[in-house]
$ cat target-v2.pdb   # PDB, C-alpha atoms and all ligand atoms
ATOM      1  CA  MET A 134     -56.658  13.485 -11.162
ATOM      2  CA  GLU A 135     -57.593  11.938  -7.839
ATOM      3  CA  ILE A 136     -59.545  14.392  -5.702
ATOM      4  CA  ASN A 137     -59.969  13.824  -2.012
ATOM      5  CA  THR A 138     -63.380  15.380  -1.378
ATOM      6  CA  ASP A 139     -62.666  15.643   2.364
ATOM      7  CA  THR A 140     -59.782  18.040   1.783
ATOM      8  CA  ALA A 141     -60.819  19.613  -1.550
ATOM      9  CA  VAL A 142     -60.882  23.383  -1.309
ATOM     10  CA  VAL A 143     -63.160  25.846  -3.006
ATOM     11  CA  LEU A 144     -61.506  29.234  -3.070
ATOM     12  CA  PRO A 145     -63.852  32.215  -3.255
ATOM     13  CA  MET A 146     -62.990  34.895  -5.794
ATOM     14  CA  GLN A 147     -59.695  36.603  -4.904
ATOM     15  CA  LYS A 148     -58.592  39.930  -6.330
ATOM     16  CA  LEU A 149     -54.919  40.330  -7.176
ATOM     17  CA  ILE A 150     -54.048  43.948  -7.848
ATOM     18  CA  ILE A 151     -51.475  43.868 -10.640
ATOM     19  CA  SER A 152     -51.678  47.409 -12.042
ATOM     20  CA  ALA A 153     -53.614  50.662 -11.822
ATOM     21  CA  THR A 154     -56.045  49.606 -14.538
ATOM     22  CA  ARG A 155     -55.904  45.818 -14.891
ATOM     23  CA  ASN A 156     -56.406  43.279 -12.141
ATOM     24  CA  LEU A 157     -56.383  39.523 -12.000
ATOM     25  CA  TYR A 158     -59.195  37.629 -10.304
ATOM     26  CA  LEU A 159     -58.621  34.079  -9.181
ATOM     27  CA  GLU A 160     -61.154  31.507  -8.026
ATOM     28  CA  SER A 161     -60.989  27.752  -7.660
ATOM     29  CA  ASP A 162     -63.200  24.739  -7.276
ATOM     30  CA  PRO A 163     -61.844  21.303  -6.267
ATOM     31  CA  THR A 164     -60.431  20.570  -9.736
ATOM     32  CA  THR A 165     -59.777  23.856 -11.525
ATOM     33  CA  VAL A 166     -58.512  27.409 -11.109
ATOM     34  CA  ASN A 167     -60.035  30.270 -13.090
ATOM     35  CA  LEU A 168     -57.871  33.273 -13.900
ATOM     36  CA  ILE A 169     -59.750  36.349 -15.053
ATOM     37  CA  LEU A 170     -57.912  39.398 -16.366
ATOM     38  CA  TYR A 171     -60.163  42.377 -15.802
ATOM     39  CA  ASP A 172     -60.028  45.959 -17.031
ATOM     40  CA  GLU A 173     -61.239  47.976 -14.025
ATOM     41  CA  ALA A 174     -61.520  51.262 -15.919
ATOM     42  CA  ASN A 175     -63.822  49.876 -18.598
ATOM     43  CA  HIS A 176     -65.434  47.146 -16.468
ATOM     44  CA  THR A 177     -64.509  44.559 -19.069
ATOM     45  CA  THR A 178     -63.246  41.002 -18.815
ATOM     46  CA  LEU A 179     -60.199  40.910 -21.070
ATOM     47  CA  LYS A 180     -59.390  37.206 -20.778
ATOM     48  CA  LYS A 181     -60.533  34.226 -18.776
ATOM     49  CA  VAL A 182     -58.685  30.934 -18.664
ATOM     50  CA  THR A 183     -59.477  27.746 -16.765
ATOM     51  CA  LEU A 184     -56.562  25.615 -15.617
ATOM     52  CA  MET A 185     -56.693  22.148 -14.117
ATOM     53  CA  LEU A 186     -55.394  22.296 -10.546
ATOM     54  CA  GLN A 187     -52.230  20.330 -11.371
ATOM     55  CA  ILE A 188     -51.459  22.778 -14.206
ATOM     56  CA  TRP A 189     -51.838  25.657 -11.755
ATOM     57  CA  GLN A 190     -49.517  23.763  -9.409
ATOM     58  CA  ALA A 191     -46.972  23.297 -12.217
ATOM     59  CA  LEU A 192     -47.217  27.017 -13.001
ATOM     60  CA  CYS A 193     -46.635  27.999  -9.378
ATOM     61  CA  SER A 194     -43.613  25.677  -9.197
ATOM     62  CA  GLN A 195     -41.977  27.786 -11.933
ATOM     63  CA  LEU A 196     -42.160  31.147 -10.157
ATOM     64  CA  ASN A 197     -38.439  31.174  -9.273
ATOM     65  CA  GLU A 198     -37.394  30.247 -12.820
ATOM     66  CA  VAL A 199     -39.633  32.976 -14.254
ATOM     67  CA  ALA A 200     -38.204  35.511 -11.776
ATOM     68  CA  GLN A 201     -34.645  34.577 -12.769
ATOM     69  CA  THR A 202     -35.527  34.868 -16.459
ATOM     70  CA  LEU A 203     -37.051  38.296 -15.834
ATOM     71  CA  GLN A 204     -33.844  39.411 -14.126
ATOM     72  CA  ALA A 205     -31.860  38.246 -17.159
ATOM     73  CA  ILE A 206     -34.177  40.106 -19.550
ATOM     74  CA  LYS A 207     -33.912  43.261 -17.458
ATOM     75  CA  ALA A 208     -30.116  42.892 -17.729
ATOM     76  CA  TYR A 209     -30.549  42.913 -21.547
ATOM     77  CA  LYS A 210     -29.580  39.247 -21.940
ATOM     78  CA  GLN A 211     -31.050  37.244 -24.783
ATOM     79  CA  VAL A 212     -33.181  34.570 -23.135
ATOM     80  CA  HIS A 213     -36.151  32.458 -24.023
ATOM     81  CA  PHE A 214     -38.081  30.521 -21.404
ATOM     82  CA  LEU A 215     -40.762  28.050 -22.440
ATOM     83  CA  HIS A 216     -41.917  25.566 -19.833
ATOM     84  CA  TYR A 217     -44.494  22.833 -20.275
ATOM     85  CA  LEU A 218     -47.192  22.884 -17.580
ATOM     86  CA  GLY A 219     -49.248  19.863 -18.619
ATOM     87  CA  GLY A 220     -52.202  19.378 -20.939
ATOM     88  CA  THR A 221     -51.801  21.885 -23.758
ATOM     89  CA  TRP A 222     -50.526  24.652 -21.465
ATOM     90  CA  TYR A 223     -47.170  26.425 -21.373
ATOM     91  CA  ILE A 224     -45.650  29.366 -19.573
ATOM     92  CA  SER A 225     -43.244  31.467 -21.586
ATOM     93  CA  LEU A 226     -41.314  34.673 -21.687
ATOM     94  CA  GLY A 227     -38.306  35.853 -23.573
ATOM     95  CA  SER A 228     -36.423  38.895 -24.729
ATOM     96  CA  PRO A 229     -37.331  41.231 -26.292
ATOM     97  CA  ASN A 230     -40.971  40.466 -25.407
ATOM     98  CA  TRP A 231     -41.948  42.095 -22.143
ATOM     99  CA  CYS A 232     -44.818  39.802 -21.203
ATOM    100  CA  VAL A 233     -45.190  36.560 -19.291
ATOM    101  CA  HIS A 234     -47.592  34.296 -21.150
ATOM    102  CA  ILE A 235     -49.738  31.562 -19.599
ATOM    103  CA  ARG A 236     -51.015  30.084 -22.807
ATOM    104  CA  GLU A 237     -52.494  27.087 -24.546
ATOM    105  CA  TYR A 238     -50.579  25.676 -27.508
ATOM    106  CA  ASN A 239     -51.615  23.694 -30.531
ATOM    107  CA  PHE A 240     -49.680  21.448 -32.907
ATOM    108  CA  SER A 241     -49.084  22.371 -36.527
ATOM    109  CA  LEU A 242     -49.095  19.460 -38.946
ATOM    110  CA  ASP A 243     -47.318  21.651 -41.509
ATOM    111  CA  SER A 244     -44.352  22.674 -39.396
ATOM    112  CA  MET A 245     -44.517  19.683 -37.001
ATOM    113  CA  LYS A 246     -44.092  22.182 -34.187
ATOM    114  CA  ILE A 247     -46.253  23.550 -31.422
ATOM    115  CA  TYR A 248     -47.501  27.128 -31.689
ATOM    116  CA  PRO A 249     -49.244  29.502 -29.243
ATOM    117  CA  THR A 250     -53.014  29.988 -29.510
ATOM    118  CA  GLN A 251     -55.168  32.989 -28.581
ATOM    119  CA  ASN A 252     -56.314  31.237 -25.400
ATOM    120  CA  GLY A 253     -54.104  32.592 -22.680
ATOM    121  CA  ILE A 254     -53.200  35.459 -20.415
ATOM    122  CA  ALA A 255     -50.286  37.823 -20.893
ATOM    123  CA  MET A 256     -48.938  39.931 -18.052
ATOM    124  CA  LYS A 257     -46.375  42.703 -18.319
ATOM    125  CA  HIS A 258     -43.263  42.310 -16.172
ATOM    126  CA  SER A 259     -44.498  44.833 -13.635
ATOM    127  CA  GLU A 260     -47.865  43.045 -13.442
ATOM    128  CA  TRP A 261     -46.147  39.698 -13.012
ATOM    129  CA  ASP A 262     -44.040  41.046 -10.138
ATOM    130  CA  LEU A 263     -47.199  42.035  -8.250
ATOM    131  CA  PHE A 264     -48.889  38.760  -9.161
ATOM    132  CA  MET A 265     -45.922  36.854  -7.649
ATOM    133  CA  TRP A 266     -46.194  38.890  -4.489
ATOM    134  CA  ASP A 267     -49.832  37.901  -3.911
ATOM    135  CA  VAL A 268     -50.009  34.373  -5.200
ATOM    136  CA  GLY A 269     -48.241  32.623  -2.290
ATOM    137  CA  PRO A 270     -50.760  33.488   0.448
ATOM    138  CA  ILE A 271     -53.656  32.812  -1.925
ATOM    139  CA  ASN A 272     -52.315  29.332  -2.671
ATOM    140  CA  GLU A 273     -51.943  28.342   0.967
ATOM    141  CA  PRO A 274     -55.458  26.907   1.472
ATOM    142  CA  LEU A 275     -55.212  25.024  -1.835
ATOM    143  CA  ASN A 276     -52.428  22.805  -0.431
ATOM    144  CA  LEU A 277     -50.865  22.340  -3.859
ATOM    145  CA  SER A 278     -48.098  20.146  -2.469
ATOM    146  CA  GLY A 279     -50.730  17.441  -1.891
ATOM    147  CA  ILE A 280     -51.461  17.106  -5.613
ATOM    148  CA  GLU A 281     -49.775  14.209  -7.358
ATOM    149  CA  PRO A 282     -48.322  15.222 -10.725
ATOM    150  CA  CYS A 283     -49.684  13.231 -13.660
ATOM    151  CA  TYR A 284     -46.278  11.773 -14.614
ATOM    152  CA  LEU A 285     -45.974  10.087 -11.184
ATOM    153  CA  LYS A 286     -49.134   8.020 -11.650
ATOM    154  CA  SER A 287     -48.577   4.263 -11.537
ATOM    155  CA  ASP A 288     -49.808   3.752 -15.121
ATOM    156  CA  HIS A 289     -47.075   6.113 -16.345
ATOM    157  CA  CYS A 290     -44.206   3.751 -15.409
ATOM    158  CA  ASN A 291     -43.951   2.344 -18.902
ATOM    159  CA  GLU A 292     -43.622   4.195 -22.189
ATOM    160  CA  GLU A 293     -46.982   2.965 -23.464
ATOM    161  CA  GLY A 294     -48.838   4.320 -20.455
ATOM    162  CA  ALA A 295     -47.011   7.623 -20.500
ATOM    163  CA  THR A 296     -47.482   8.263 -24.209
ATOM    164  CA  ALA A 297     -51.173   7.296 -24.054
ATOM    165  CA  CYS A 298     -51.813  10.117 -21.557
ATOM    166  CA  VAL A 299     -53.282  13.166 -23.312
ATOM    167  CA  GLU A 300     -52.379  15.262 -20.289
ATOM    168  CA  CYS A 301     -48.644  14.488 -20.525
ATOM    169  CA  GLN A 302     -48.435  14.034 -24.303
ATOM    170  CA  PRO A 303     -51.273  16.103 -25.769
ATOM    171  CA  PHE A 304     -49.838  16.155 -29.288
ATOM    172  CA  PHE A 305     -48.363  12.640 -29.374
ATOM    173  CA  TYR A 306     -50.940  11.172 -31.739
ATOM    174  CA  GLN A 307     -50.935  14.229 -34.036
ATOM    175  CA  GLU A 308     -47.152  13.960 -34.252
ATOM    176  CA  GLN A 309     -47.281  10.210 -34.914
ATOM    177  CA  GLY A 310     -50.074  10.653 -37.478
ATOM    178  CA  ALA A 311     -48.269  13.453 -39.284
ATOM    179  CA  GLN A 312     -45.052  11.433 -39.366
ATOM    180  CA  TYR A 313     -46.934   8.409 -40.709
ATOM    181  CA  LEU A 314     -48.493  10.480 -43.513
ATOM    182  CA  ARG A 315     -45.080  11.905 -44.409
ATOM    183  CA  ASP A 316     -43.563   8.443 -44.548
ATOM    184  CA  GLN A 317     -46.246   7.409 -47.064
ATOM    185  CA  ILE A 318     -45.258  10.110 -49.580
TER     186      ILE A 318
HETATM  187 ZN    ZN B   1     -50.027  11.884 -17.683
END

$ encode --input "target-v2.pdb" --output "structure tokens" --more "lines below"
Ligand SMILES: [Zn+2]
Amino acid sequence: MEINTDTAVVLPMQKLIISATRNLYLESDPTTVNLILYDEANHTTLKKVTLMLQIWQALCSQLNEVAQTLQAIKAYKQVHFLHYLGGTWYISLGSPNWCVHIREYNFSLDSMKIYPTQNGIAMKHSEWDLFMWDVGPINEPLNLSGIEPCYLKSDHCNEEGATACVECQPFFYQEQGAQYLRDQI
């Protein structure tokens, strides 16, 4: 990612109150955002994830879709929302699960499918609603609209360039390798 050091922003630690007992802390440097889920009652860090700034941007661009999915779940509709954020990161939620997951995925050579890992943060619906409320003003100084998404880079115009990018296609070579091995049998 191209970083303009003149405009790069370092965000001091921000506290987002998401429930009576658990809060989310957010801090950024010019390239990454840290999300820290903290148990205030027990003074314990429950989870900490580090997202590249463009993955955070992709996440924030999905807030409306997540809100609509939450409405559908609350109306007892069967829905499943899984959106790719870049790198190995996804945001997901679906009925009957009552959590929004910001989570890293891995690729299974056995099933040839992606699967969620332990590295991620899960927020209950009520926590997510409060998170949404606070995240807009916090993002303002980050100027996320100025970040160029990976897939718009000039070297991504052709298939070769796009598939060679581990940020856009993190599991491409595992998939190709697994398929090759299967073809040999
Ligand atoms: Zn890319």

$ closest_residue --input "target-v2.pdb" --among "A:Glu173, A:Ala255, A:Tyr248, A:Leu196" --to "Asp267 in chain A" --atoms "only C-alpha atoms"
A:Leu196

$ residues_near_ligand --input "target-v2.pdb" --ligand "ligand ZN 1 (chain B)" --cutoff "12 Å" --atoms "only C-alpha atoms and all ligand atoms" --output "PDB file with C-alpha atoms, in the frame of the given file"
ATOM      1  CA  MET A 134     -56.658  13.485 -11.162  1.00  0.00           C
ATOM      2  CA  GLN A 187     -52.230  20.330 -11.371  1.00  0.00           C
ATOM      3  CA  ILE A 188     -51.459  22.778 -14.206  1.00  0.00           C
ATOM      4  CA  LEU A 218     -47.192  22.884 -17.580  1.00  0.00           C
ATOM      5  CA  GLY A 219     -49.248  19.863 -18.619  1.00  0.00           C
ATOM      6  CA  GLY A 220     -52.202  19.378 -20.939  1.00  0.00           C
ATOM      7  CA  THR A 221     -51.801  21.885 -23.758  1.00  0.00           C
ATOM      8  CA  GLU A 281     -49.775  14.209  -7.358  1.00  0.00           C
ATOM      9  CA  PRO A 282     -48.322  15.222 -10.725  1.00  0.00           C
ATOM     10  CA  CYS A 283     -49.684  13.231 -13.660  1.00  0.00           C
ATOM     11  CA  TYR A 284     -46.278  11.773 -14.614  1.00  0.00           C
ATOM     12  CA  LEU A 285     -45.974  10.087 -11.184  1.00  0.00           C
ATOM     13  CA  LYS A 286     -49.134   8.020 -11.650  1.00  0.00           C
ATOM     14  CA  SER A 287     -48.577   4.263 -11.537  1.00  0.00           C
ATOM     15  CA  ASP A 288     -49.808   3.752 -15.121  1.00  0.00           C
ATOM     16  CA  HIS A 289     -47.075   6.113 -16.345  1.00  0.00           C
ATOM     17  CA  CYS A 290     -44.206   3.751 -15.409  1.00  0.00           C
ATOM     18  CA  ASN A 291     -43.951   2.344 -18.902  1.00  0.00           C
ATOM     19  CA  GLU A 292     -43.622   4.195 -22.189  1.00  0.00           C
ATOM     20  CA  GLU A 293     -46.982   2.965 -23.464  1.00  0.00           C
ATOM     21  CA  GLY A 294     -48.838   4.320 -20.455  1.00  0.00           C
ATOM     22  CA  ALA A 295     -47.011   7.623 -20.500  1.00  0.00           C
ATOM     23  CA  THR A 296     -47.482   8.263 -24.209  1.00  0.00           C
ATOM     24  CA  ALA A 297     -51.173   7.296 -24.054  1.00  0.00           C
ATOM     25  CA  CYS A 298     -51.813  10.117 -21.557  1.00  0.00           C
ATOM     26  CA  VAL A 299     -53.282  13.166 -23.312  1.00  0.00           C
ATOM     27  CA  GLU A 300     -52.379  15.262 -20.289  1.00  0.00           C
ATOM     28  CA  CYS A 301     -48.644  14.488 -20.525  1.00  0.00           C
ATOM     29  CA  GLN A 302     -48.435  14.034 -24.303  1.00  0.00           C
ATOM     30  CA  PRO A 303     -51.273  16.103 -25.769  1.00  0.00           C
ATOM     31  CA  PHE A 305     -48.363  12.640 -29.374  1.00  0.00           C
TER      32      PHE A 305
END

$ closest_residue --input "target-v2.pdb" --among "A:Ser241, A:Asn167, A:Ser228, A:Gln195" --to "Ala208 in chain A" --atoms "all atoms listed in the file"
A:Ser228

$ closest_residue --input "target-v2.pdb" --among "A:Tyr171, A:Trp266, A:Trp231, A:Tyr313" --to "Cys193 in chain A" --atoms "all atoms listed in the file"
A:Trp266

$ atom_distance --input "target-v2.pdb" --atom1 "CA of Val166 in chain A" --atom2 "CA of Thr183 in chain A"
5.7 Å

$ closest_residue --input "target-v2.pdb" --among "A:Asp262, A:Pro270, A:Ser244, A:Thr250" --to "Arg315 in chain A" --atoms "only C-alpha atoms"
A:Ser244

$ closest_residue --input "target-v2.pdb" --among "A:Leu192, A:Val268, A:Leu275, A:Leu215" --to "Leu149 in chain A" --atoms "all atoms listed in the file"
A:Val268

$ atom_distance --input "target-v2.pdb" --atom1 "CA of Leu186 in chain A" --atom2 "CA of His216 in chain A"
16.7 Å

$ closest_residue --input "target-v2.pdb" --among "A:Ile254, A:Val199, A:Ala311, A:Met146" --to "Leu242 in chain A" --atoms "only C-alpha atoms"
A:Ala311

$ atom_distance --input "target-v2.pdb" --atom1 "CA of Ile151 in chain A" --atom2 "CA of Lys181 in chain A"
15.5 Å

$ build_atoms --input "target-v2.pdb" --residues "range 163-196 of chain A" --atoms "N, CA and C atoms" --output "PDB file, in the frame of the given file"
ATOM      1  N   PRO A 163     -62.781  22.387  -6.623  1.00  0.00           N
ATOM      2  CA  PRO A 163     -61.844  21.303  -6.267  1.00  0.00           C
ATOM      3  C   PRO A 163     -60.940  20.820  -7.399  1.00  0.00           C
ATOM      4  N   THR A 164     -61.269  21.099  -8.654  1.00  0.00           N
ATOM      5  CA  THR A 164     -60.431  20.570  -9.736  1.00  0.00           C
ATOM      6  C   THR A 164     -59.783  21.636 -10.608  1.00  0.00           C
ATOM      7  N   THR A 165     -60.306  22.852 -10.592  1.00  0.00           N
ATOM      8  CA  THR A 165     -59.777  23.856 -11.525  1.00  0.00           C
ATOM      9  C   THR A 165     -59.547  25.209 -10.847  1.00  0.00           C
ATOM     10  N   VAL A 166     -58.723  26.012 -11.514  1.00  0.00           N
ATOM     11  CA  VAL A 166     -58.512  27.409 -11.109  1.00  0.00           C
ATOM     12  C   VAL A 166     -58.893  28.289 -12.301  1.00  0.00           C
ATOM     13  N   ASN A 167     -59.709  29.288 -12.055  1.00  0.00           N
ATOM     14  CA  ASN A 167     -60.035  30.270 -13.090  1.00  0.00           C
ATOM     15  C   ASN A 167     -59.196  31.514 -12.871  1.00  0.00           C
ATOM     16  N   LEU A 168     -58.597  32.001 -13.935  1.00  0.00           N
ATOM     17  CA  LEU A 168     -57.871  33.273 -13.900  1.00  0.00           C
ATOM     18  C   LEU A 168     -58.612  34.238 -14.818  1.00  0.00           C
ATOM     19  N   ILE A 169     -58.979  35.376 -14.272  1.00  0.00           N
ATOM     20  CA  ILE A 169     -59.750  36.349 -15.053  1.00  0.00           C
ATOM     21  C   ILE A 169     -58.996  37.678 -15.050  1.00  0.00           C
ATOM     22  N   LEU A 170     -58.582  38.108 -16.223  1.00  0.00           N
ATOM     23  CA  LEU A 170     -57.912  39.398 -16.366  1.00  0.00           C
ATOM     24  C   LEU A 170     -58.982  40.446 -16.640  1.00  0.00           C
ATOM     25  N   TYR A 171     -59.025  41.451 -15.781  1.00  0.00           N
ATOM     26  CA  TYR A 171     -60.163  42.377 -15.802  1.00  0.00           C
ATOM     27  C   TYR A 171     -59.686  43.816 -15.932  1.00  0.00           C
ATOM     28  N   ASP A 172     -60.313  44.533 -16.836  1.00  0.00           N
ATOM     29  CA  ASP A 172     -60.028  45.959 -17.031  1.00  0.00           C
ATOM     30  C   ASP A 172     -60.960  46.746 -16.120  1.00  0.00           C
ATOM     31  N   GLU A 173     -60.401  47.302 -15.024  1.00  0.00           N
ATOM     32  CA  GLU A 173     -61.239  47.976 -14.025  1.00  0.00           C
ATOM     33  C   GLU A 173     -61.828  49.286 -14.572  1.00  0.00           C
ATOM     34  N   ALA A 174     -61.065  49.963 -15.417  1.00  0.00           N
ATOM     35  CA  ALA A 174     -61.520  51.262 -15.919  1.00  0.00           C
ATOM     36  C   ALA A 174     -62.744  51.103 -16.821  1.00  0.00           C
ATOM     37  N   ASN A 175     -62.716  50.069 -17.640  1.00  0.00           N
ATOM     38  CA  ASN A 175     -63.822  49.876 -18.598  1.00  0.00           C
ATOM     39  C   ASN A 175     -64.789  48.769 -18.185  1.00  0.00           C
ATOM     40  N   HIS A 176     -64.570  48.219 -16.982  1.00  0.00           N
ATOM     41  CA  HIS A 176     -65.434  47.146 -16.468  1.00  0.00           C
ATOM     42  C   HIS A 176     -65.600  46.022 -17.497  1.00  0.00           C
ATOM     43  N   THR A 177     -64.474  45.562 -18.006  1.00  0.00           N
ATOM     44  CA  THR A 177     -64.509  44.559 -19.069  1.00  0.00           C
ATOM     45  C   THR A 177     -63.611  43.385 -18.707  1.00  0.00           C
ATOM     46  N   THR A 178     -64.102  42.180 -18.925  1.00  0.00           N
ATOM     47  CA  THR A 178     -63.246  41.002 -18.815  1.00  0.00           C
ATOM     48  C   THR A 178     -62.405  40.910 -20.079  1.00  0.00           C
ATOM     49  N   LEU A 179     -61.087  40.956 -19.909  1.00  0.00           N
ATOM     50  CA  LEU A 179     -60.199  40.910 -21.070  1.00  0.00           C
ATOM     51  C   LEU A 179     -59.925  39.471 -21.491  1.00  0.00           C
ATOM     52  N   LYS A 180     -59.664  38.620 -20.495  1.00  0.00           N
ATOM     53  CA  LYS A 180     -59.390  37.206 -20.778  1.00  0.00           C
ATOM     54  C   LYS A 180     -59.818  36.377 -19.582  1.00  0.00           C
ATOM     55  N   LYS A 181     -60.271  35.174 -19.861  1.00  0.00           N
ATOM     56  CA  LYS A 181     -60.533  34.226 -18.776  1.00  0.00           C
ATOM     57  C   LYS A 181     -59.993  32.872 -19.211  1.00  0.00           C
ATOM     58  N   VAL A 182     -59.171  32.277 -18.356  1.00  0.00           N
ATOM     59  CA  VAL A 182     -58.685  30.934 -18.664  1.00  0.00           C
ATOM     60  C   VAL A 182     -58.980  30.017 -17.482  1.00  0.00           C
ATOM     61  N   THR A 183     -59.227  28.767 -17.789  1.00  0.00           N
ATOM     62  CA  THR A 183     -59.477  27.746 -16.765  1.00  0.00           C
ATOM     63  C   THR A 183     -58.357  26.719 -16.822  1.00  0.00           C
ATOM     64  N   LEU A 184     -57.680  26.557 -15.690  1.00  0.00           N
ATOM     65  CA  LEU A 184     -56.562  25.615 -15.617  1.00  0.00           C
ATOM     66  C   LEU A 184     -56.914  24.485 -14.669  1.00  0.00           C
ATOM     67  N   MET A 185     -56.581  23.258 -15.059  1.00  0.00           N
ATOM     68  CA  MET A 185     -56.693  22.148 -14.117  1.00  0.00           C
ATOM     69  C   MET A 185     -55.754  22.444 -12.937  1.00  0.00           C
ATOM     70  N   LEU A 186     -56.144  21.960 -11.762  1.00  0.00           N
ATOM     71  CA  LEU A 186     -55.394  22.296 -10.546  1.00  0.00           C
ATOM     72  C   LEU A 186     -53.914  21.899 -10.647  1.00  0.00           C
ATOM     73  N   GLN A 187     -53.636  20.750 -11.288  1.00  0.00           N
ATOM     74  CA  GLN A 187     -52.230  20.330 -11.371  1.00  0.00           C
ATOM     75  C   GLN A 187     -51.442  21.205 -12.353  1.00  0.00           C
ATOM     76  N   ILE A 188     -52.144  21.841 -13.305  1.00  0.00           N
ATOM     77  CA  ILE A 188     -51.459  22.778 -14.206  1.00  0.00           C
ATOM     78  C   ILE A 188     -51.150  24.072 -13.453  1.00  0.00           C
ATOM     79  N   TRP A 189     -52.086  24.492 -12.620  1.00  0.00           N
ATOM     80  CA  TRP A 189     -51.838  25.657 -11.755  1.00  0.00           C
ATOM     81  C   TRP A 189     -50.661  25.371 -10.817  1.00  0.00           C
ATOM     82  N   GLN A 190     -50.621  24.158 -10.285  1.00  0.00           N
ATOM     83  CA  GLN A 190     -49.517  23.763  -9.409  1.00  0.00           C
ATOM     84  C   GLN A 190     -48.186  23.823 -10.174  1.00  0.00           C
ATOM     85  N   ALA A 191     -48.201  23.286 -11.409  1.00  0.00           N
ATOM     86  CA  ALA A 191     -46.972  23.297 -12.217  1.00  0.00           C
ATOM     87  C   ALA A 191     -46.544  24.735 -12.497  1.00  0.00           C
ATOM     88  N   LEU A 192     -47.520  25.604 -12.748  1.00  0.00           N
ATOM     89  CA  LEU A 192     -47.217  27.017 -13.001  1.00  0.00           C
ATOM     90  C   LEU A 192     -46.558  27.645 -11.770  1.00  0.00           C
ATOM     91  N   CYS A 193     -47.157  27.386 -10.608  1.00  0.00           N
ATOM     92  CA  CYS A 193     -46.635  27.999  -9.378  1.00  0.00           C
ATOM     93  C   CYS A 193     -45.260  27.453  -9.013  1.00  0.00           C
ATOM     94  N   SER A 194     -44.933  26.240  -9.479  1.00  0.00           N
ATOM     95  CA  SER A 194     -43.613  25.677  -9.197  1.00  0.00           C
ATOM     96  C   SER A 194     -42.533  26.332 -10.058  1.00  0.00           C
ATOM     97  N   GLN A 195     -42.940  27.144 -11.031  1.00  0.00           N
ATOM     98  CA  GLN A 195     -41.977  27.786 -11.933  1.00  0.00           C
ATOM     99  C   GLN A 195     -41.713  29.249 -11.590  1.00  0.00           C
ATOM    100  N   LEU A 196     -42.257  29.717 -10.467  1.00  0.00           N
ATOM    101  CA  LEU A 196     -42.160  31.147 -10.157  1.00  0.00           C
ATOM    102  C   LEU A 196     -40.706  31.613 -10.035  1.00  0.00           C
TER     103      LEU A 196
END
